[in-house]
$ cat query-v1.pdb   # PDB, N, CA and C atoms
ATOM      1  N   MET A 228     102.082 110.618 124.337
ATOM      2  CA  MET A 228     102.524 109.229 124.258
ATOM      3  C   MET A 228     102.241 108.707 122.860
ATOM      4  N   PRO A 229     103.236 108.238 122.137
ATOM      5  CA  PRO A 229     102.995 107.711 120.790
ATOM      6  C   PRO A 229     102.244 106.384 120.837
ATOM      7  N   ARG A 230     101.431 106.150 119.829
ATOM      8  CA  ARG A 230     100.685 104.900 119.667
ATOM      9  C   ARG A 230     101.440 104.065 118.636
ATOM     10  N   LEU A 231     102.204 103.113 119.097
ATOM     11  CA  LEU A 231     103.110 102.374 118.229
ATOM     12  C   LEU A 231     102.496 101.058 117.780
ATOM     13  N   ARG A 232     102.881 100.615 116.580
ATOM     14  CA  ARG A 232     102.478  99.306 116.065
ATOM     15  C   ARG A 232     103.601  98.755 115.203
ATOM     16  N   ILE A 233     103.614  97.454 115.026
ATOM     17  CA  ILE A 233     104.603  96.797 114.178
ATOM     18  C   ILE A 233     103.997  96.632 112.798
ATOM     19  N   ARG A 234     104.778  96.963 111.772
ATOM     20  CA  ARG A 234     104.305  96.916 110.392
ATOM     21  C   ARG A 234     105.384  96.315 109.504
ATOM     22  N   TRP A 235     104.971  95.688 108.411
ATOM     23  CA  TRP A 235     105.899  95.134 107.431
ATOM     24  C   TRP A 235     105.997  96.109 106.272
ATOM     25  N   THR A 236     107.185  96.376 105.801
ATOM     26  CA  THR A 236     107.385  97.286 104.684
ATOM     27  C   THR A 236     108.320  96.652 103.655
ATOM     28  N   THR A 237     108.214  97.106 102.420
ATOM     29  CA  THR A 237     109.080  96.584 101.360
ATOM     30  C   THR A 237     110.019  97.653 100.812
ATOM     31  N   TRP A 238     109.847  98.895 101.228
ATOM     32  CA  TRP A 238     110.686  99.954 100.679
ATOM     33  C   TRP A 238     111.422 100.679 101.779
ATOM     34  N   PRO A 239     112.666 100.940 101.727
ATOM     35  CA  PRO A 239     113.593 100.690 100.630
ATOM     36  C   PRO A 239     114.077  99.244 100.568
ATOM     37  N   ARG A 240     113.800  98.473 101.610
ATOM     38  CA  ARG A 240     114.093  97.049 101.587
ATOM     39  C   ARG A 240     113.134  96.362 102.554
ATOM     40  N   PRO A 241     112.922  95.044 102.424
ATOM     41  CA  PRO A 241     111.987  94.362 103.327
ATOM     42  C   PRO A 241     112.442  94.475 104.788
ATOM     43  N   ALA A 242     111.489  94.821 105.665
ATOM     44  CA  ALA A 242     111.825  94.957 107.078
ATOM     45  C   ALA A 242     110.546  95.002 107.913
ATOM     46  N   LEU A 243     110.696  94.698 109.193
ATOM     47  CA  LEU A 243     109.645  94.945 110.167
ATOM     48  C   LEU A 243     109.985  96.268 110.826
ATOM     49  N   ILE A 244     109.016  97.187 110.882
ATOM     50  CA  ILE A 244     109.274  98.496 111.447
ATOM     51  C   ILE A 244     108.285  98.771 112.575
ATOM     52  N   LEU A 245     108.690  99.621 113.481
ATOM     53  CA  LEU A 245     107.839 100.114 114.547
ATOM     54  C   LEU A 245     107.436 101.518 114.130
ATOM     55  N   THR A 246     106.141 101.785 114.015
ATOM     56  CA  THR A 246     105.684 103.062 113.480
ATOM     57  C   THR A 246     104.602 103.668 114.359
ATOM     58  N   ASP A 247     104.457 104.971 114.270
ATOM     59  CA  ASP A 247     103.442 105.710 115.000
ATOM     60  C   ASP A 247     102.111 105.591 114.256
ATOM     61  N   THR A 248     101.005 105.667 114.980
ATOM     62  CA  THR A 248      99.675 105.634 114.363
ATOM     63  C   THR A 248      98.897 106.871 114.792
ATOM     64  N   PRO A 249      97.883 107.251 114.026
ATOM     65  CA  PRO A 249      97.083 108.417 114.396
ATOM     66  C   PRO A 249      96.323 108.195 115.704
ATOM     67  N   ARG A 250      96.038 109.297 116.394
ATOM     68  CA  ARG A 250      95.281 109.212 117.636
ATOM     69  C   ARG A 250      93.841 108.818 117.306
ATOM     70  N   PRO A 251      93.296 107.722 117.839
ATOM     71  CA  PRO A 251      91.978 107.243 117.435
ATOM     72  C   PRO A 251      90.834 108.186 117.797
ATOM     73  N   ASN A 252      90.987 108.996 118.829
ATOM     74  CA  ASN A 252      89.905 109.892 119.226
ATOM     75  C   ASN A 252      90.191 111.350 118.849
ATOM     76  N   CYS A 253      90.984 111.573 117.816
ATOM     77  CA  CYS A 253      91.292 112.928 117.351
ATOM     78  C   CYS A 253      90.033 113.551 116.748
ATOM     79  N   ALA A 254      89.687 114.741 117.197
ATOM     80  CA  ALA A 254      88.485 115.413 116.699
ATOM     81  C   ALA A 254      88.664 115.942 115.281
ATOM     82  N   GLU A 255      89.912 116.174 114.877
ATOM     83  CA  GLU A 255      90.161 116.753 113.550
ATOM     84  C   GLU A 255      90.111 115.703 112.438
ATOM     85  N   CYS A 256      90.731 114.531 112.654
ATOM     86  CA  CYS A 256      90.793 113.522 111.583
ATOM     87  C   CYS A 256      89.993 112.258 111.909
ATOM     88  N   ARG A 257      89.458 112.136 113.121
ATOM     89  CA  ARG A 257      88.685 110.966 113.563
ATOM     90  C   ARG A 257      89.483 109.668 113.435
ATOM     91  N   GLY A 258      90.790 109.732 113.669
ATOM     92  CA  GLY A 258      91.633 108.549 113.667
ATOM     93  C   GLY A 258      92.127 108.105 112.305
ATOM     94  N   GLU A 259      91.839 108.867 111.257
ATOM     95  CA  GLU A 259      92.282 108.489 109.907
ATOM     96  C   GLU A 259      93.674 109.012 109.579
ATOM     97  N   GLY A 260      94.182 109.957 110.345
ATOM     98  CA  GLY A 260      95.530 110.453 110.128
ATOM     99  C   GLY A 260      95.630 111.649 109.216
ATOM    100  N   GLY A 261      94.536 112.077 108.643
ATOM    101  CA  GLY A 261      94.568 113.229 107.752
ATOM    102  C   GLY A 261      93.345 113.258 106.864
ATOM    103  N   HIS A 262      93.410 114.127 105.875
ATOM    104  CA  HIS A 262      92.289 114.298 104.952
ATOM    105  C   HIS A 262      92.801 114.208 103.519
ATOM    106  N   ALA A 263      92.098 113.439 102.699
ATOM    107  CA  ALA A 263      92.412 113.355 101.270
ATOM    108  C   ALA A 263      91.324 114.112 100.518
ATOM    109  N   TYR A 264      91.750 114.902  99.548
ATOM    110  CA  TYR A 264      90.762 115.605  98.737
ATOM    111  C   TYR A 264      91.238 115.647  97.289
ATOM    112  N   ASP A 265      90.283 115.584  96.392
ATOM    113  CA  ASP A 265      90.573 115.618  94.966
ATOM    114  C   ASP A 265      90.628 117.068  94.496
ATOM    115  N   TYR A 266      91.436 117.308  93.479
ATOM    116  CA  TYR A 266      91.492 118.647  92.905
ATOM    117  C   TYR A 266      91.506 118.536  91.390
ATOM    118  N   GLY A 267      91.127 119.599  90.735
ATOM    119  CA  GLY A 267      91.030 119.601  89.292
ATOM    120  C   GLY A 267      91.978 120.586  88.652
ATOM    121  N   ASP A 268      92.116 120.449  87.352
ATOM    122  CA  ASP A 268      92.930 121.354  86.552
ATOM    123  C   ASP A 268      92.225 122.711  86.504
ATOM    124  N   SER A 269      92.969 123.787  86.695
ATOM    125  CA  SER A 269      92.343 125.106  86.752
ATOM    126  C   SER A 269      91.803 125.547  85.393
ATOM    127  N   GLU A 270      92.364 125.044  84.301
ATOM    128  CA  GLU A 270      91.897 125.453  82.977
ATOM    129  C   GLU A 270      90.705 124.636  82.495
ATOM    130  N   THR A 271      90.760 123.319  82.683
ATOM    131  CA  THR A 271      89.711 122.459  82.132
ATOM    132  C   THR A 271      88.713 121.985  83.186
ATOM    133  N   GLY A 272      89.088 122.014  84.453
ATOM    134  CA  GLY A 272      88.209 121.536  85.496
ATOM    135  C   GLY A 272      88.209 120.026  85.630
ATOM    136  N   GLU A 273      89.020 119.318  84.842
ATOM    137  CA  GLU A 273      89.109 117.867  84.904
ATOM    138  C   GLU A 273      89.905 117.437  86.125
ATOM    139  N   TYR A 274      89.669 116.200  86.569
ATOM    140  CA  TYR A 274      90.393 115.631  87.698
ATOM    141  C   TYR A 274      91.887 115.640  87.414
ATOM    142  N   ALA A 275      92.680 116.127  88.369
ATOM    143  CA  ALA A 275      94.125 116.207  88.176
ATOM    144  C   ALA A 275      94.900 115.421  89.232
ATOM    145  N   GLY A 276      94.257 114.990  90.305
ATOM    146  CA  GLY A 276      94.973 114.215  91.316
ATOM    147  C   GLY A 276      94.296 114.291  92.663
ATOM    148  N   THR A 277      94.947 113.701  93.648
ATOM    149  CA  THR A 277      94.459 113.701  95.021
ATOM    150  C   THR A 277      95.561 114.238  95.922
ATOM    151  N   GLU A 278      95.198 115.108  96.802
ATOM    152  CA  GLU A 278      96.143 115.706  97.738
ATOM    153  C   GLU A 278      95.875 115.128  99.127
ATOM    154  N   TRP A 279      96.920 114.955  99.922
ATOM    155  CA  TRP A 279      96.810 114.409 101.267
ATOM    156  C   TRP A 279      97.347 115.431 102.251
ATOM    157  N   ASP A 280      96.517 115.815 103.200
ATOM    158  CA  ASP A 280      96.933 116.706 104.274
ATOM    159  C   ASP A 280      96.981 115.902 105.564
ATOM    160  N   PRO A 281      98.179 115.613 106.095
ATOM    161  CA  PRO A 281      98.268 114.835 107.333
ATOM    162  C   PRO A 281      97.802 115.659 108.533
ATOM    163  N   CYS A 282      97.273 114.969 109.501
ATOM    164  CA  CYS A 282      96.801 115.591 110.737
ATOM    165  C   CYS A 282      98.002 115.800 111.675
ATOM    166  N   PRO A 283      97.992 116.865 112.465
ATOM    167  CA  PRO A 283      99.110 117.078 113.400
ATOM    168  C   PRO A 283      99.112 116.113 114.593
ATOM    169  N   CYS A 284      98.105 115.227 114.704
ATOM    170  CA  CYS A 284      98.074 114.298 115.844
ATOM    171  C   CYS A 284      99.074 113.153 115.703
ATOM    172  N   TRP A 285      99.736 113.044 114.549
ATOM    173  CA  TRP A 285     100.736 111.996 114.383
ATOM    174  C   TRP A 285     101.771 112.422 113.350
ATOM    175  N   ASN A 286     102.846 111.676 113.269
ATOM    176  CA  ASN A 286     103.922 111.966 112.331
ATOM    177  C   ASN A 286     104.112 110.743 111.437
ATOM    178  N   GLU A 287     103.829 110.897 110.141
ATOM    179  CA  GLU A 287     103.950 109.784 109.192
ATOM    180  C   GLU A 287     105.374 109.261 109.086
ATOM    181  N   ASP A 288     106.337 110.122 109.318
ATOM    182  CA  ASP A 288     107.739 109.766 109.111
ATOM    183  C   ASP A 288     108.396 109.147 110.337
ATOM    184  N   ARG A 289     107.681 109.038 111.435
ATOM    185  CA  ARG A 289     108.258 108.485 112.657
ATOM    186  C   ARG A 289     108.174 106.966 112.607
ATOM    187  N   SER A 290     109.288 106.324 112.309
ATOM    188  CA  SER A 290     109.340 104.862 112.290
ATOM    189  C   SER A 290     110.777 104.403 112.536
ATOM    190  N   TRP A 291     110.885 103.207 113.089
ATOM    191  CA  TRP A 291     112.187 102.637 113.392
ATOM    192  C   TRP A 291     112.229 101.202 112.878
ATOM    193  N   VAL A 292     113.340 100.840 112.251
ATOM    194  CA  VAL A 292     113.504  99.473 111.747
ATOM    195  C   VAL A 292     113.796  98.557 112.922
ATOM    196  N   LEU A 293     112.971  97.536 113.084
ATOM    197  CA  LEU A 293     113.196  96.548 114.141
ATOM    198  C   LEU A 293     114.023  95.373 113.650
ATOM    199  N   LEU A 294     113.650  94.876 112.450
ATOM    200  CA  LEU A 294     114.294  93.680 111.941
ATOM    201  C   LEU A 294     114.379  93.746 110.421
ATOM    202  N   PRO A 295     115.579  93.977 109.869
ATOM    203  CA  PRO A 295     115.707  93.919 108.417
ATOM    204  C   PRO A 295     115.527  92.473 107.953
ATOM    205  N   LEU A 296     114.765  92.292 106.895
ATOM    206  CA  LEU A 296     114.504  90.953 106.371
ATOM    207  C   LEU A 296     115.295  90.736 105.096
ATOM    208  N   PRO A 297     115.701  89.498 104.823
ATOM    209  CA  PRO A 297     116.460  89.232 103.594
ATOM    210  C   PRO A 297     115.561  89.367 102.378
ATOM    211  N   LYS A 298     116.172  89.768 101.282
ATOM    212  CA  LYS A 298     115.430  89.835 100.032
ATOM    213  C   LYS A 298     115.213  88.419  99.521
ATOM    214  N   VAL A 299     113.986  88.123  99.143
ATOM    215  CA  VAL A 299     113.660  86.790  98.659
ATOM    216  C   VAL A 299     113.968  86.751  97.162
ATOM    217  N   PRO A 300     114.867  85.861  96.741
ATOM    218  CA  PRO A 300     115.187  85.808  95.319
ATOM    219  C   PRO A 300     114.009  85.252  94.522
ATOM    220  N   ARG A 301     113.818  85.796  93.351
ATOM    221  CA  ARG A 301     112.769  85.281  92.479
ATOM    222  C   ARG A 301     113.229  83.957  91.887
ATOM    223  N   ARG A 302     112.306  83.047  91.795
ATOM    224  CA  ARG A 302     112.646  81.753  91.204
ATOM    225  C   ARG A 302     112.486  81.869  89.696
ATOM    226  N   HIS A 303     113.539  81.547  89.019
ATOM    227  CA  HIS A 303     113.502  81.616  87.561
ATOM    228  C   HIS A 303     113.130  80.252  87.007
ATOM    229  N   ARG A 304     111.985  80.220  86.370
ATOM    230  CA  ARG A 304     111.579  78.984  85.714
ATOM    231  C   ARG A 304     112.166  78.989  84.308
ATOM    232  N   PRO A 305     112.675  77.870  83.864
ATOM    233  CA  PRO A 305     113.184  77.831  82.498
ATOM    234  C   PRO A 305     112.028  78.003  81.514
ATOM    235  N   HIS A 306     112.308  78.707  80.454
ATOM    236  CA  HIS A 306     111.279  78.920  79.443
ATOM    237  C   HIS A 306     110.999  77.591  78.748
ATOM    238  N   VAL A 307     109.763  77.164  78.825
ATOM    239  CA  VAL A 307     109.374  75.885  78.233
ATOM    240  C   VAL A 307     108.556  76.183  76.993
ATOM    241  N   ASP A 308     109.031  75.695  75.861
ATOM    242  CA  ASP A 308     108.294  75.854  74.616
ATOM    243  C   ASP A 308     107.196  74.802  74.583
ATOM    244  N   PRO A 309     105.908  75.205  74.550
ATOM    245  CA  PRO A 309     104.835  74.211  74.609
ATOM    246  C   PRO A 309     104.801  73.283  73.397
ATOM    247  N   TRP A 310     105.412  73.692  72.319
ATOM    248  CA  TRP A 310     105.392  72.854  71.113
ATOM    249  C   TRP A 310     106.694  72.099  70.923
ATOM    250  N   GLY A 311     107.671  72.362  71.756
ATOM    251  CA  GLY A 311     108.919  71.602  71.703
ATOM    252  C   GLY A 311     109.709  71.841  70.433
ATOM    253  N   ASN A 312     109.350  71.185  69.349
ATOM    254  CA  ASN A 312     110.117  71.287  68.116
ATOM    255  C   ASN A 312     109.517  72.305  67.152
ATOM    256  N   GLY A 313     108.530  73.064  67.571
ATOM    257  CA  GLY A 313     107.934  74.070  66.701
ATOM    258  C   GLY A 313     106.667  73.600  66.023
ATOM    259  N   TYR A 314     106.347  72.303  66.139
ATOM    260  CA  TYR A 314     105.144  71.760  65.511
ATOM    261  C   TYR A 314     104.247  71.180  66.588
ATOM    262  N   SER A 315     102.955  71.229  66.350
ATOM    263  CA  SER A 315     102.004  70.691  67.304
ATOM    264  C   SER A 315     101.270  69.510  66.673
ATOM    265  N   ASP A 316     101.014  68.468  67.468
ATOM    266  CA  ASP A 316     100.224  67.349  66.967
ATOM    267  C   ASP A 316      98.818  67.382  67.576
ATOM    268  N   GLU A 317      98.467  68.526  68.224
ATOM    269  CA  GLU A 317      97.135  68.684  68.775
ATOM    270  C   GLU A 317      96.257  69.441  67.803
ATOM    271  N   PRO A 318      94.963  69.090  67.734
ATOM    272  CA  PRO A 318      94.068  69.821  66.822
ATOM    273  C   PRO A 318      93.895  71.252  67.281
ATOM    274  N   PRO A 319      93.687  72.218  66.431
ATOM    275  CA  PRO A 319      93.726  72.112  64.985
ATOM    276  C   PRO A 319      95.162  72.056  64.485
ATOM    277  N   PHE A 320      95.407  71.309  63.477
ATOM    278  CA  PHE A 320      96.743  71.075  62.951
ATOM    279  C   PHE A 320      97.240  72.267  62.182
TER     280      PHE A 320
END

$ encode --input "query-v1.pdb" --output "structure tokens"
Amino acid sequence: MPRLRIRWTTWPRPALILTDTPRPNCAECRGEGGHAYDYGDSETGEYAGTEWDPCPCWNEDRSWVLLPLPKVPRRHRPHVDPWGNGYSDEPPF
């Protein structure tokens, strides 16, 4: 039985989606959905990134769009020159 929840997403467009969640009593991931581990460059040993291994108790890609939301337009404020004519009468002059 999937454990479903409603979530808000912005990609690829704003929407409310119904998505699966990890099993809370999973012995392998303890409800976190997987394991993240850091790895290093084989030549220098420096940090090179983080890898994510999902747990088989859930599917990250299982989701359904419930309600597509409209894109909110950005409000464009007119550029206001604080000095108006290029000169300031406030100290320091």

$ residues_around --input "query-v1.pdb" --residues "A:Pro283" --least-positions-apart "4" --cutoff "8 Å" --atoms "all atoms listed in the file" --output "ChimeraX atom specification"
/A:249-250,255-256,260-261

$ select_by_dssp --input "query-v1.pdb" --residues "stretch 232-301 of chain A" --states "strand (DSSP E)" --output "VMD selection string"
chain A and resid 232 to 236 242 to 247 261 to 267 274 to 281 290 to 295

$ closest_residue --input "query-v1.pdb" --among "A:Pro239, A:Pro295, A:Pro281, A:Pro318" --to "A:Glu259" --atoms "only N, CA and C atoms"
A:Pro281

$ atom_distance --input "query-v1.pdb" --atom1 "atom N of A:Trp291" --atom2 "atom CA of A:Asn252"
22.9 Å

$ residues_around --input "query-v1.pdb" --residues "A:Ala275" --least-positions-apart "5" --cutoff "6 Å" --atoms "only N, CA and C atoms" --output "number ranges by chain"
A: 266-268

$ residues_near_point --input "query-v1.pdb" --point "(105.3, 97.2, 112.4)" --cutoff "12 Å" --atoms "only C-alpha atoms" --output "list in words"
Arg230, Leu231, Arg232, Ile233, Arg234, Trp235, Thr236, Thr237, Pro241, Ala242, Leu243, Ile244, Leu245, Thr246, Asp247, Thr248, Arg289, Ser290, Trp291, Val292, Leu293, Leu294 and Pro295 of chain A

$ atom_distance --input "query-v1.pdb" --atom1 "atom N of A:Cys282" --atom2 "atom C of A:Ser269"
26.9 Å
